[in-house]
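Below is the file entry_20.csv, which contains CSV, C-alpha atoms.
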```csv
chain,number,residue,atom,x,y,z
L,9,MET,CA,-94.4,-73.1,71.1
L,10,ARG,CA,-93.5,-73.4,67.4
L,11,ALA,CA,-93.5,-69.6,67.1
L,12,ILE,CA,-91.0,-69.4,70.0
L,13,LEU,CA,-88.8,-72.1,68.4
L,14,ARG,CA,-88.9,-70.2,65.1
L,15,LYS,CA,-87.8,-67.0,66.7
L,16,LEU,CA,-85.0,-68.9,68.6
L,17,PHE,CA,-84.0,-70.6,65.3
L,18,PHE,CA,-83.6,-67.3,63.4
L,19,GLY,CA,-81.9,-65.7,66.4
L,20,LEU,CA,-79.3,-68.4,66.4
L,21,ILE,CA,-78.8,-68.2,62.7
L,22,PHE,CA,-78.2,-64.5,62.9
L,23,LEU,CA,-75.8,-65.0,65.8
L,24,ALA,CA,-73.9,-67.6,63.8
L,25,LEU,CA,-73.7,-65.1,60.9
L,26,LEU,CA,-72.3,-62.4,63.2
L,27,LEU,CA,-69.7,-64.9,64.6
L,28,LEU,CA,-68.8,-66.6,61.3
L,29,PRO,CA,-65.5,-64.8,60.8
L,30,PHE,CA,-64.4,-66.0,64.2
L,31,TRP,CA,-64.8,-69.7,63.4
L,32,GLY,CA,-65.0,-70.0,59.7
L,33,ASP,CA,-62.0,-70.0,57.3
L,34,ARG,CA,-61.5,-67.7,54.3
L,35,PHE,CA,-63.4,-69.9,51.9
L,36,TYR,CA,-66.5,-70.1,54.0
L,37,ILE,CA,-66.5,-66.3,54.7
L,38,GLN,CA,-66.2,-65.5,51.0
L,39,PHE,CA,-68.9,-68.0,50.2
L,40,ALA,CA,-71.2,-66.6,52.9
L,41,SER,CA,-70.6,-63.1,51.4
L,42,LYS,CA,-71.6,-64.4,48.0
L,43,ILE,CA,-74.8,-65.8,49.4
L,44,LEU,CA,-75.6,-62.5,51.1
L,45,ILE,CA,-75.1,-60.6,47.8
L,46,MET,CA,-77.3,-63.1,46.0
L,47,ILE,CA,-80.0,-62.7,48.6
L,48,VAL,CA,-80.1,-58.9,47.9
L,49,PHE,CA,-80.3,-59.6,44.1
L,50,VAL,CA,-83.0,-62.3,44.5
L,51,SER,CA,-85.0,-60.1,46.9
L,52,SER,CA,-85.1,-57.4,44.2
L,53,LEU,CA,-86.4,-59.9,41.7
L,54,ASN,CA,-89.0,-61.2,44.2
L,55,LEU,CA,-90.3,-57.6,44.5
L,56,LEU,CA,-91.3,-57.9,40.8
L,57,VAL,CA,-92.2,-61.6,40.6
L,58,GLY,CA,-93.7,-62.3,44.0
L,59,PHE,CA,-95.3,-59.0,45.0
L,60,THR,CA,-96.3,-57.5,41.6
L,61,GLY,CA,-96.7,-60.5,39.3
L,62,LEU,CA,-94.0,-59.4,36.8
L,63,VAL,CA,-91.8,-62.3,35.8
L,64,SER,CA,-88.6,-60.9,34.4
L,65,LEU,CA,-85.8,-62.9,32.6
L,66,GLY,CA,-83.7,-59.8,32.1
L,67,HIS,CA,-83.2,-58.7,35.7
L,68,ALA,CA,-79.5,-59.6,35.5
L,69,ALA,CA,-79.0,-56.6,33.2
L,70,PHE,CA,-79.2,-54.3,36.3
L,71,PHE,CA,-77.0,-56.6,38.3
L,72,GLY,CA,-74.2,-56.6,35.7
L,73,PHE,CA,-74.7,-53.0,34.6
L,74,SER,CA,-74.1,-51.7,38.1
L,75,GLY,CA,-70.8,-53.5,38.3
L,76,TYR,CA,-69.8,-52.0,34.9
L,77,VAL,CA,-70.6,-48.5,36.1
L,78,LEU,CA,-68.2,-49.1,39.0
L,79,ALA,CA,-65.5,-50.5,36.7
L,80,LEU,CA,-65.8,-47.6,34.2
L,81,LEU,CA,-65.8,-44.9,36.9
L,82,SER,CA,-62.9,-46.4,39.0
L,83,PRO,CA,-59.6,-44.7,38.4
L,84,VAL,CA,-56.8,-47.0,37.2
L,85,ASP,CA,-54.3,-46.1,40.0
L,86,SER,CA,-56.4,-44.9,42.9
L,87,ALA,CA,-59.5,-45.9,44.9
L,88,MET,CA,-62.8,-44.2,44.3
L,89,ASN,CA,-64.9,-43.1,47.2
L,90,PHE,CA,-67.3,-45.9,48.2
L,91,PHE,CA,-70.4,-43.8,48.7
L,92,VAL,CA,-69.9,-41.8,45.5
L,93,ALA,CA,-69.4,-45.0,43.5
L,94,LEU,CA,-72.4,-46.8,45.1
L,95,LEU,CA,-74.6,-43.8,44.5
L,96,ALA,CA,-73.5,-43.5,40.9
L,97,SER,CA,-74.1,-47.2,40.3
L,98,ILE,CA,-77.6,-47.1,41.8
L,99,LEU,CA,-78.6,-43.9,39.9
L,100,CYS,CA,-77.2,-45.0,36.6
L,101,THR,CA,-78.9,-48.4,36.9
L,102,GLY,CA,-82.1,-46.6,38.0
L,103,VAL,CA,-82.0,-44.7,34.7
L,104,LEU,CA,-81.6,-48.0,32.8
L,105,GLY,CA,-84.5,-49.3,34.8
L,106,VAL,CA,-86.7,-46.4,33.7
L,107,ILE,CA,-85.8,-47.0,30.0
L,108,PHE,CA,-86.3,-50.8,30.2
L,109,GLY,CA,-89.4,-50.5,32.3
L,110,ALA,CA,-91.0,-47.9,30.0
L,111,LEU,CA,-90.6,-50.3,27.1
L,112,VAL,CA,-91.5,-53.7,28.6
L,113,LEU,CA,-94.4,-52.6,30.8
L,114,ARG,CA,-96.4,-51.9,27.7
L,115,THR,CA,-96.6,-55.7,27.3
L,116,LYS,CA,-98.2,-58.4,29.5
L,117,GLY,CA,-97.7,-62.1,30.2
L,118,ILE,CA,-95.4,-64.1,28.0
L,119,PHE,CA,-94.7,-60.9,25.9
L,120,PHE,CA,-93.4,-59.2,29.0
L,121,ILE,CA,-91.1,-62.1,29.8
L,122,MET,CA,-89.8,-62.2,26.3
L,123,SER,CA,-89.3,-58.4,26.2
L,124,THR,CA,-87.2,-58.4,29.3
L,125,LEU,CA,-85.2,-61.3,28.0
L,126,ALA,CA,-84.6,-59.5,24.7
L,127,LEU,CA,-83.4,-56.3,26.3
L,128,GLY,CA,-81.2,-58.2,28.7
L,129,GLU,CA,-79.6,-60.1,25.8
L,130,MET,CA,-79.2,-56.8,23.8
L,131,LEU,CA,-77.1,-55.4,26.7
L,132,PHE,CA,-75.2,-58.7,26.9
L,133,TYR,CA,-74.1,-58.6,23.3
L,134,PHE,CA,-73.4,-54.9,23.4
L,135,LEU,CA,-70.9,-55.5,26.3
L,136,HIS,CA,-69.6,-58.7,24.8
L,137,ASP,CA,-69.0,-57.5,21.2
L,138,THR,CA,-67.7,-54.0,21.7
L,139,ASP,CA,-64.5,-52.7,23.2
L,140,LEU,CA,-66.3,-50.0,25.2
L,141,ALA,CA,-66.1,-52.0,28.4
L,142,GLY,CA,-63.4,-54.6,27.7
L,143,GLY,CA,-65.4,-56.9,25.3
L,144,SER,CA,-65.7,-60.5,26.2
L,145,ASP,CA,-62.9,-60.3,28.7
L,146,GLY,CA,-64.7,-57.7,30.8
L,147,MET,CA,-62.9,-55.2,33.0
L,148,TYR,CA,-60.8,-55.3,36.2
L,149,ILE,CA,-61.2,-53.1,39.2
L,150,ASN,CA,-57.7,-52.4,40.2
L,151,SER,CA,-58.5,-50.6,43.5
L,152,ARG,CA,-61.6,-51.3,45.5
L,153,PRO,CA,-63.6,-48.3,46.6
L,154,ASP,CA,-62.4,-46.5,49.7
L,155,VAL,CA,-64.6,-46.5,52.8
L,156,SER,CA,-63.3,-44.0,55.3
L,157,PHE,CA,-64.7,-41.3,57.6
L,158,PHE,CA,-62.5,-38.3,58.1
L,159,ASP,CA,-59.3,-40.4,58.3
L,160,TRP,CA,-60.2,-41.9,61.7
L,161,TRP,CA,-62.1,-45.0,60.5
L,162,GLN,CA,-61.6,-47.1,57.4
L,163,LEU,CA,-63.0,-50.3,56.0
L,164,ASP,CA,-60.7,-52.4,53.9
L,165,LEU,CA,-62.9,-54.0,51.3
L,166,ALA,CA,-60.0,-56.3,50.2
L,167,ASN,CA,-60.2,-57.9,53.6
L,168,VAL,CA,-62.7,-60.7,53.5
L,169,VAL,CA,-63.9,-60.2,57.0
L,170,HIS,CA,-64.6,-56.5,56.5
L,171,PHE,CA,-66.4,-57.2,53.2
L,172,TYR,CA,-68.4,-59.9,54.8
L,173,TYR,CA,-69.8,-57.6,57.5
L,174,LEU,CA,-70.6,-55.0,54.8
L,175,ALA,CA,-72.5,-57.6,52.8
L,176,LEU,CA,-74.4,-58.8,56.0
L,177,ILE,CA,-75.4,-55.2,56.9
L,178,THR,CA,-76.5,-54.5,53.4
L,179,ALA,CA,-78.6,-57.6,53.2
L,180,VAL,CA,-80.4,-56.8,56.5
L,181,ILE,CA,-81.0,-53.2,55.4
L,182,VAL,CA,-82.4,-54.3,52.0
L,183,LEU,CA,-84.8,-56.8,53.6
L,184,ILE,CA,-86.0,-54.1,56.0
L,185,VAL,CA,-86.5,-51.7,53.1
L,186,ILE,CA,-88.4,-54.2,51.1
L,187,ARG,CA,-90.6,-55.1,54.1
L,188,ALA,CA,-91.4,-51.4,54.6
L,189,ILE,CA,-92.3,-51.1,50.9
L,190,ILE,CA,-94.6,-54.1,50.9
L,191,HIS,CA,-96.4,-52.9,54.0
L,192,SER,CA,-96.8,-49.4,52.8
L,193,PRO,CA,-99.9,-48.1,50.8
L,194,PHE,CA,-97.7,-48.3,47.7
L,195,GLY,CA,-97.1,-52.0,48.5
L,196,ARG,CA,-100.8,-52.6,48.9
L,197,VAL,CA,-101.5,-51.3,45.4
L,198,LEU,CA,-98.7,-53.6,44.1
L,199,ALA,CA,-100.5,-56.5,45.8
L,200,GLY,CA,-103.7,-55.5,44.2
L,201,ILE,CA,-102.0,-55.4,40.8
L,202,CYS,CA,-100.6,-58.9,41.4
L,203,VAL,CA,-104.0,-60.3,42.3
L,204,ASN,CA,-106.2,-58.5,39.8
L,205,GLU,CA,-104.8,-55.6,37.8
L,206,HIS,CA,-108.1,-54.8,36.0
L,207,ARG,CA,-109.9,-54.4,39.3
L,208,THR,CA,-107.1,-52.2,40.7
L,209,LYS,CA,-107.2,-50.0,37.6
L,210,ALA,CA,-111.0,-49.8,38.0
L,211,LEU,CA,-110.5,-48.4,41.5
L,212,GLY,CA,-108.7,-45.4,40.0
L,213,TYR,CA,-105.0,-46.4,40.3
L,214,ASN,CA,-102.7,-45.8,37.3
L,215,THR,CA,-101.2,-49.3,37.4
L,216,TYR,CA,-98.7,-48.6,34.7
L,217,LYS,CA,-97.0,-45.9,36.9
L,218,PHE,CA,-97.1,-48.1,39.9
L,219,LYS,CA,-95.5,-51.0,38.0
L,220,LEU,CA,-92.9,-48.6,36.5
L,221,VAL,CA,-91.9,-47.3,40.0
L,222,CYS,CA,-91.7,-50.8,41.3
L,223,PHE,CA,-89.6,-51.9,38.3
L,224,VAL,CA,-87.1,-49.0,38.9
L,225,ILE,CA,-86.9,-49.7,42.6
L,226,ALA,CA,-86.2,-53.4,41.9
L,227,SER,CA,-83.5,-52.4,39.4
L,228,MET,CA,-81.8,-50.1,41.9
L,229,ILE,CA,-81.8,-52.8,44.6
L,230,ALA,CA,-80.3,-55.2,42.1
L,231,ALA,CA,-77.7,-52.5,41.4
L,232,VAL,CA,-76.6,-52.7,45.1
L,233,SER,CA,-76.0,-56.5,44.7
L,234,GLY,CA,-74.1,-56.0,41.4
L,235,PHE,CA,-72.0,-53.3,42.9
L,236,LEU,CA,-71.0,-55.5,45.9
L,237,SER,CA,-70.3,-58.5,43.6
L,238,ALA,CA,-67.9,-56.3,41.5
L,239,VAL,CA,-66.2,-55.2,44.6
L,240,GLN,CA,-65.9,-58.7,46.0
L,241,PHE,CA,-64.3,-60.2,42.9
L,242,GLY,CA,-62.6,-57.1,41.5
L,243,VAL,CA,-63.8,-57.9,37.9
L,244,VAL,CA,-66.9,-57.6,35.8
L,245,ASN,CA,-67.7,-59.4,32.5
L,246,PRO,CA,-70.7,-59.8,30.2
L,247,GLU,CA,-71.7,-63.1,31.8
L,248,MET,CA,-73.1,-61.0,34.7
L,249,VAL,CA,-75.9,-59.7,32.5
L,250,GLY,CA,-76.6,-63.0,30.9
L,251,TRP,CA,-80.1,-64.6,30.9
L,252,HIS,CA,-78.9,-67.6,32.9
L,253,VAL,CA,-78.1,-65.3,35.9
L,254,SER,CA,-81.7,-64.1,35.8
L,255,GLY,CA,-83.0,-67.7,35.4
L,256,HIS,CA,-80.9,-68.8,38.3
L,257,ALA,CA,-82.3,-66.0,40.5
L,258,LEU,CA,-85.8,-66.8,39.4
L,259,MET,CA,-85.3,-70.4,40.4
L,260,MET,CA,-84.2,-69.2,43.9
L,261,VAL,CA,-87.4,-67.1,44.1
L,262,ILE,CA,-89.6,-70.0,43.3
L,263,LEU,CA,-87.6,-72.5,45.5
L,264,GLY,CA,-87.8,-70.2,48.5
L,265,GLY,CA,-91.4,-69.0,47.9
L,266,LYS,CA,-92.4,-66.0,45.9
L,267,GLY,CA,-94.4,-63.3,47.6
L,268,ALA,CA,-92.6,-63.8,50.9
L,269,ILE,CA,-89.9,-61.6,52.3
L,270,LEU,CA,-88.0,-64.7,53.7
L,271,GLY,CA,-88.5,-66.6,50.4
L,272,PRO,CA,-85.3,-65.2,48.7
L,273,VAL,CA,-83.3,-65.8,51.9
L,274,ILE,CA,-84.3,-69.4,52.2
L,275,GLY,CA,-84.3,-70.2,48.5
L,276,THR,CA,-80.9,-68.6,47.8
L,277,THR,CA,-79.2,-70.1,50.8
L,278,THR,CA,-80.7,-73.6,50.1
L,279,LEU,CA,-79.9,-73.7,46.4
L,280,MET,CA,-76.3,-72.3,46.8
L,281,LEU,CA,-75.5,-74.8,49.6
L,282,VAL,CA,-77.0,-77.7,47.7
L,283,GLU,CA,-75.1,-76.8,44.6
L,284,GLU,CA,-71.9,-76.5,46.5
L,285,GLY,CA,-72.5,-79.8,48.3
L,286,PHE,CA,-73.3,-81.7,45.1
L,287,GLN,CA,-70.2,-80.3,43.4
L,288,MET,CA,-68.1,-81.9,46.1
L,289,VAL,CA,-69.7,-85.3,45.5
L,290,THR,CA,-70.0,-85.6,41.7
L,291,LYS,CA,-69.3,-83.9,38.4
L,292,HIS,CA,-73.0,-84.4,37.5
L,293,TRP,CA,-74.1,-82.0,40.3
L,294,GLN,CA,-76.5,-80.2,37.9
L,295,LEU,CA,-78.5,-83.4,37.6
L,296,LEU,CA,-78.8,-83.9,41.3
L,297,THR,CA,-79.6,-80.2,41.8
L,298,GLY,CA,-82.4,-80.5,39.2
L,299,VAL,CA,-83.8,-83.5,41.0
L,300,ALA,CA,-83.8,-81.7,44.3
L,301,ILE,CA,-85.7,-78.7,42.8
L,302,VAL,CA,-88.3,-81.0,41.2
L,303,LEU,CA,-88.9,-82.7,44.6
L,304,VAL,CA,-89.3,-79.3,46.3
L,305,ALA,CA,-91.8,-78.3,43.6
L,306,LEU,CA,-93.8,-81.5,44.0
L,307,PHE,CA,-94.0,-81.5,47.8
L,308,PHE,CA,-93.8,-77.7,48.5
L,309,PRO,CA,-95.7,-76.0,45.6
L,310,HIS,CA,-95.5,-72.6,47.5
L,311,GLY,CA,-91.7,-73.0,48.1
L,312,LEU,CA,-89.8,-73.9,51.2
L,313,VAL,CA,-91.3,-70.9,53.0
L,314,GLY,CA,-94.6,-72.9,52.9
L,315,PHE,CA,-93.0,-75.4,55.2
L,316,LYS,CA,-95.1,-75.4,58.4
L,317,PHE,CA,-92.1,-74.3,60.6
L,318,PHE,CA,-91.7,-71.0,58.7
L,319,LYS,CA,-95.4,-70.1,58.8
L,320,LYS,CA,-96.4,-67.3,61.3
L,321,GLY,CA,-99.5,-68.7,63.0
L,322,SER,CA,-98.4,-72.3,62.9
```
Show how you would write the structure in this file as structure tokens.
Amino acid sequence: MRAILRKLFFGLIFLALLLLPFWGDRFYIQFASKILIMIVFVSSLNLLVGFTGLVSLGHAAFFGFSGYVLALLSPVDSAMNFFVALLASILCTGVLGVIFGALVLRTKGIFFIMSTLALGEMLFYFLHDTDLAGGSDGMYINSRPDVSFFDWWQLDLANVVHFYYLALITAVIVLIVIRAIIHSPFGRVLAGICVNEHRTKALGYNTYKFKLVCFVIASMIAAVSGFLSAVQFGVVNPEMVGWHVSGHALMMVILGGKGAILGPVIGTTTLMLVEEGFQMVTKHWQLLTGVAIVLVALFFPHGLVGFKFFKKGS
């Protein structure tokens, strides 16, 4: 019975998301789009933290770098093709992921965490202290990418409703892709690395290569979210690659439940709604948010996804 109720619950949630533009005003549509973008970003981090056991505090580097690629490639007085811009952002960020991954994956444990943090901060100060990409002020994207097919169908990304549906479709696709990765033979090896890397290596797998591929895939998924964020707000700045963005995403992974596909969805939505609600109540909303997170950690050590309602067999 609980399984039926769970399916009905998620079905109603998805239906509400599809119909949101018909009953929600502009603020709620934009906020929902922001949540969907963060779900994509947090899901990419969960691929590292939850399924491979790699805790990164520099993951925001890929999120922000992707937005900067879009800003640097976008013409000043015309719109760039959406698919070309997206592909360029993903590929360029993937190259950065190869470079970062090749360096940090030589380390383990706390040294890995600090290495990712150091590289992320290096990119932050490079963008912040140089004029290559606008310095501390960042860059504006004057014309959002053009989404059109042979002049007979066009998506206006400046329209909040059009952008919302793009973000919703992207989030669904990303979750499906991650699910396919996790249930593939490649994903089984990642699970083995997460549980016991030495034993996985003893079975003949080159764990370094598997972790590097996973690191690059996670960076490219993060690039999708960074690209959408830059399109939504029309601006990029160094804060997008700051360690606090990575820490915020890591908190969402833990809150929702690492190692679960629905974890980032639940964690991201819950935390962003809680933060928004507390901001309406008091200026000390960070304190209340912290208390809420501590309570979840105490009563749900495996995250909110460990709540009995969300478990498959319960």
Shell around Val180 in chain L at 12 Å using all atoms listed in the file, local window under 3 positions removed, as a PyMOL selection string: chain L and resi 22+25-26+44-45+47-48+51+173-177+183-187+269-270+273
Answer as a ChimeraX atom specification, residues within 9 Å of (-94.7, -58.9, 50.4) using only C-alpha atoms: /L:54-55,58-59,186-187,189-191,195-196,199,266-269
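With all atoms listed in the file as the atoms that count, the residue of L:Val50, L:Leu140, L:Ile43, L:Ile229 with the shortest distance to Met260 in chain L is L:Val50.
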Residues of range 165-272 of chain L at most 12 Å from range 61-80 of chain L: nearest atom pair and distance in Å, all atoms listed in the file, as a Markdown table:
```
| residue | atom | partner | partner_atom | distance |
| --- | --- | --- | --- | --- |
| L:Leu198 | CA | L:Gly61 | CA | 8.6 |
| L:Ala199 | CA | L:Gly61 | CA | 8.5 |
| L:Gly200 | CA | L:Gly61 | CA | 9.9 |
| L:Ile201 | CA | L:Gly61 | CA | 7.5 |
| L:Cys202 | CA | L:Gly61 | CA | 4.7 |
| L:Val203 | CA | L:Gly61 | CA | 7.9 |
| L:Asn204 | CA | L:Gly61 | CA | 9.7 |
| L:Glu205 | CA | L:Gly61 | CA | 9.6 |
| L:Tyr216 | CA | L:Leu62 | CA | 12.0 |
| L:Lys219 | CA | L:Leu62 | CA | 8.6 |
| L:Leu220 | CA | L:Leu62 | CA | 10.9 |
| L:Cys222 | CA | L:Leu62 | CA | 10.0 |
| L:Phe223 | CA | L:Leu62 | CA | 8.8 |
| L:Val224 | CA | L:Phe70 | CA | 9.9 |
| L:Ile225 | CA | L:Phe70 | CA | 11.0 |
| L:Ala226 | CA | L:His67 | CA | 8.7 |
| L:Ser227 | CA | L:Phe70 | CA | 5.6 |
| L:Met228 | CA | L:Phe70 | CA | 7.5 |
| L:Ile229 | CA | L:Phe71 | CA | 8.8 |
| L:Ala230 | CA | L:Phe71 | CA | 5.2 |
| L:Ala231 | CA | L:Ser74 | CA | 4.9 |
| L:Val232 | CA | L:Ser74 | CA | 7.5 |
| L:Ser233 | CA | L:Phe71 | CA | 6.5 |
| L:Gly234 | CA | L:Phe71 | CA | 4.3 |
| L:Phe235 | CA | L:Gly75 | CA | 4.8 |
| L:Leu236 | CA | L:Gly75 | CA | 7.9 |
| L:Ser237 | CA | L:Gly75 | CA | 7.3 |
| L:Ala238 | CA | L:Gly75 | CA | 5.1 |
| L:Val239 | CA | L:Gly75 | CA | 8.0 |
| L:Gln240 | CA | L:Gly75 | CA | 10.5 |
| L:Phe241 | CA | L:Gly75 | CA | 10.4 |
| L:Gly242 | CA | L:Ala79 | CA | 8.7 |
| L:Val243 | CA | L:Ala79 | CA | 7.7 |
| L:Val244 | CA | L:Gly75 | CA | 6.2 |
| L:Asn245 | CA | L:Gly72 | CA | 7.8 |
| L:Pro246 | CA | L:Gly72 | CA | 7.3 |
| L:Glu247 | CA | L:Gly72 | CA | 8.0 |
| L:Met248 | CA | L:Gly72 | CA | 4.6 |
| L:Val249 | CA | L:Ala69 | CA | 4.4 |
| L:Gly250 | CA | L:Ala68 | CA | 6.4 |
| L:Trp251 | CA | L:Gly66 | CA | 6.1 |
| L:His252 | CA | L:Leu65 | CA | 8.4 |
| L:Val253 | CA | L:Ala68 | CA | 5.9 |
| L:Ser254 | CA | L:Ala68 | CA | 5.0 |
| L:Gly255 | CA | L:Leu65 | CA | 6.2 |
| L:His256 | CA | L:Leu65 | CA | 9.6 |
| L:Ala257 | CA | L:Ala68 | CA | 8.6 |
| L:Leu258 | CA | L:Leu65 | CA | 7.8 |
| L:Met259 | CA | L:Leu65 | CA | 10.8 |
| L:Val261 | CA | L:Val63 | CA | 10.5 |
| L:Ile262 | CA | L:Val63 | CA | 11.0 |
| L:Lys266 | CA | L:Gly61 | CA | 9.6 |
| L:Gly267 | CA | L:Gly61 | CA | 9.1 |
```
Mind dumping the selected residues with C-alpha atoms as a PDB file, keeping the file's coordinate frame?
```pdb
ATOM      1  CA  LEU L 198     -98.700 -53.600  44.100  1.00  0.00           C
ATOM      2  CA  ALA L 199    -100.500 -56.500  45.800  1.00  0.00           C
ATOM      3  CA  GLY L 200    -103.700 -55.500  44.200  1.00  0.00           C
ATOM      4  CA  ILE L 201    -102.000 -55.400  40.800  1.00  0.00           C
ATOM      5  CA  CYS L 202    -100.600 -58.900  41.400  1.00  0.00           C
ATOM      6  CA  VAL L 203    -104.000 -60.300  42.300  1.00  0.00           C
ATOM      7  CA  ASN L 204    -106.200 -58.500  39.800  1.00  0.00           C
ATOM      8  CA  GLU L 205    -104.800 -55.600  37.800  1.00  0.00           C
ATOM      9  CA  TYR L 216     -98.700 -48.600  34.700  1.00  0.00           C
ATOM     10  CA  LYS L 219     -95.500 -51.000  38.000  1.00  0.00           C
ATOM     11  CA  LEU L 220     -92.900 -48.600  36.500  1.00  0.00           C
ATOM     12  CA  CYS L 222     -91.700 -50.800  41.300  1.00  0.00           C
ATOM     13  CA  PHE L 223     -89.600 -51.900  38.300  1.00  0.00           C
ATOM     14  CA  VAL L 224     -87.100 -49.000  38.900  1.00  0.00           C
ATOM     15  CA  ILE L 225     -86.900 -49.700  42.600  1.00  0.00           C
ATOM     16  CA  ALA L 226     -86.200 -53.400  41.900  1.00  0.00           C
ATOM     17  CA  SER L 227     -83.500 -52.400  39.400  1.00  0.00           C
ATOM     18  CA  MET L 228     -81.800 -50.100  41.900  1.00  0.00           C
ATOM     19  CA  ILE L 229     -81.800 -52.800  44.600  1.00  0.00           C
ATOM     20  CA  ALA L 230     -80.300 -55.200  42.100  1.00  0.00           C
ATOM     21  CA  ALA L 231     -77.700 -52.500  41.400  1.00  0.00           C
ATOM     22  CA  VAL L 232     -76.600 -52.700  45.100  1.00  0.00           C
ATOM     23  CA  SER L 233     -76.000 -56.500  44.700  1.00  0.00           C
ATOM     24  CA  GLY L 234     -74.100 -56.000  41.400  1.00  0.00           C
ATOM     25  CA  PHE L 235     -72.000 -53.300  42.900  1.00  0.00           C
ATOM     26  CA  LEU L 236     -71.000 -55.500  45.900  1.00  0.00           C
ATOM     27  CA  SER L 237     -70.300 -58.500  43.600  1.00  0.00           C
ATOM     28  CA  ALA L 238     -67.900 -56.300  41.500  1.00  0.00           C
ATOM     29  CA  VAL L 239     -66.200 -55.200  44.600  1.00  0.00           C
ATOM     30  CA  GLN L 240     -65.900 -58.700  46.000  1.00  0.00           C
ATOM     31  CA  PHE L 241     -64.300 -60.200  42.900  1.00  0.00           C
ATOM     32  CA  GLY L 242     -62.600 -57.100  41.500  1.00  0.00           C
ATOM     33  CA  VAL L 243     -63.800 -57.900  37.900  1.00  0.00           C
ATOM     34  CA  VAL L 244     -66.900 -57.600  35.800  1.00  0.00           C
ATOM     35  CA  ASN L 245     -67.700 -59.400  32.500  1.00  0.00           C
ATOM     36  CA  PRO L 246     -70.700 -59.800  30.200  1.00  0.00           C
ATOM     37  CA  GLU L 247     -71.700 -63.100  31.800  1.00  0.00           C
ATOM     38  CA  MET L 248     -73.100 -61.000  34.700  1.00  0.00           C
ATOM     39  CA  VAL L 249     -75.900 -59.700  32.500  1.00  0.00           C
ATOM     40  CA  GLY L 250     -76.600 -63.000  30.900  1.00  0.00           C
ATOM     41  CA  TRP L 251     -80.100 -64.600  30.900  1.00  0.00           C
ATOM     42  CA  HIS L 252     -78.900 -67.600  32.900  1.00  0.00           C
ATOM     43  CA  VAL L 253     -78.100 -65.300  35.900  1.00  0.00           C
ATOM     44  CA  SER L 254     -81.700 -64.100  35.800  1.00  0.00           C
ATOM     45  CA  GLY L 255     -83.000 -67.700  35.400  1.00  0.00           C
ATOM     46  CA  HIS L 256     -80.900 -68.800  38.300  1.00  0.00           C
ATOM     47  CA  ALA L 257     -82.300 -66.000  40.500  1.00  0.00           C
ATOM     48  CA  LEU L 258     -85.800 -66.800  39.400  1.00  0.00           C
ATOM     49  CA  MET L 259     -85.300 -70.400  40.400  1.00  0.00           C
ATOM     50  CA  VAL L 261     -87.400 -67.100  44.100  1.00  0.00           C
ATOM     51  CA  ILE L 262     -89.600 -70.000  43.300  1.00  0.00           C
ATOM     52  CA  LYS L 266     -92.400 -66.000  45.900  1.00  0.00           C
ATOM     53  CA  GLY L 267     -94.400 -63.300  47.600  1.00  0.00           C
TER      54      GLY L 267
END
```
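The shortest atom-to-atom distance to Leu125 in chain L, with only C-alpha atoms taken into account, belongs to L:Val112 out of L:Val103, L:Val92, L:Val112, L:Ala210.
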Interatomic distance (Å, one decimal) between CA of Phe119 in chain L and CA of Asn214 in chain L: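 Atom-to-atom, CA of Phe119 in chain L and CA of Asn214 in chain L are spaced 20.5 Å apart.
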8 Å contact set for Leu312 in chain L, only C-alpha atoms, chain neighbours under 2 positions out, as a ChimeraX atom specification: /L:263-265,271,274-275,304,308,310,314-315
Å distance separating CA of Pro153 in chain L from CA of Ser82 in chain L, one decimal place: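 Computing it gives 7.9 Å between the two atoms.
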Atom-to-atom span, CA of Phe108 in chain L and CA of Met46 in chain L, Å: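 That distance, rounded to one decimal, is 22.0 Å.
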For Ile37 in chain L: contacts at 8 Å, all atoms listed in the file, fewer than 5 positions along chain excluded, given as a list in words: Leu28, Pro29, Gly32, Val168, Val169 and Tyr172 of chain L
Output file for the residues above (C-alpha atoms, as an mmCIF file, in the coordinates of the input):
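Writing the result to part34.cif gives the following:
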```
data_model
loop_
_atom_site.group_PDB
_atom_site.id
_atom_site.type_symbol
_atom_site.label_atom_id
_atom_site.label_comp_id
_atom_site.auth_asym_id
_atom_site.auth_seq_id
_atom_site.Cartn_x
_atom_site.Cartn_y
_atom_site.Cartn_z
ATOM 1 C CA LEU L 28 -68.800 -66.600 61.300
ATOM 2 C CA PRO L 29 -65.500 -64.800 60.800
ATOM 3 C CA GLY L 32 -65.000 -70.000 59.700
ATOM 4 C CA VAL L 168 -62.700 -60.700 53.500
ATOM 5 C CA VAL L 169 -63.900 -60.200 57.000
ATOM 6 C CA TYR L 172 -68.400 -59.900 54.800
#
```
Closest of L:Ile301, L:Phe132, L:Gly19, L:Phe171 to Asp154 in chain L - atom-to-atom distances counting all atoms listed in the file: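 Nearest to Asp154 in chain L: L:Phe171.
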Shell of 12 Å around Glu284 in chain L, all atoms listed in the file, local chain residues under 2 positions omitted, as number ranges by chain: L: 36, 39-40, 43, 277-282, 286-291, 293-294, 296-297
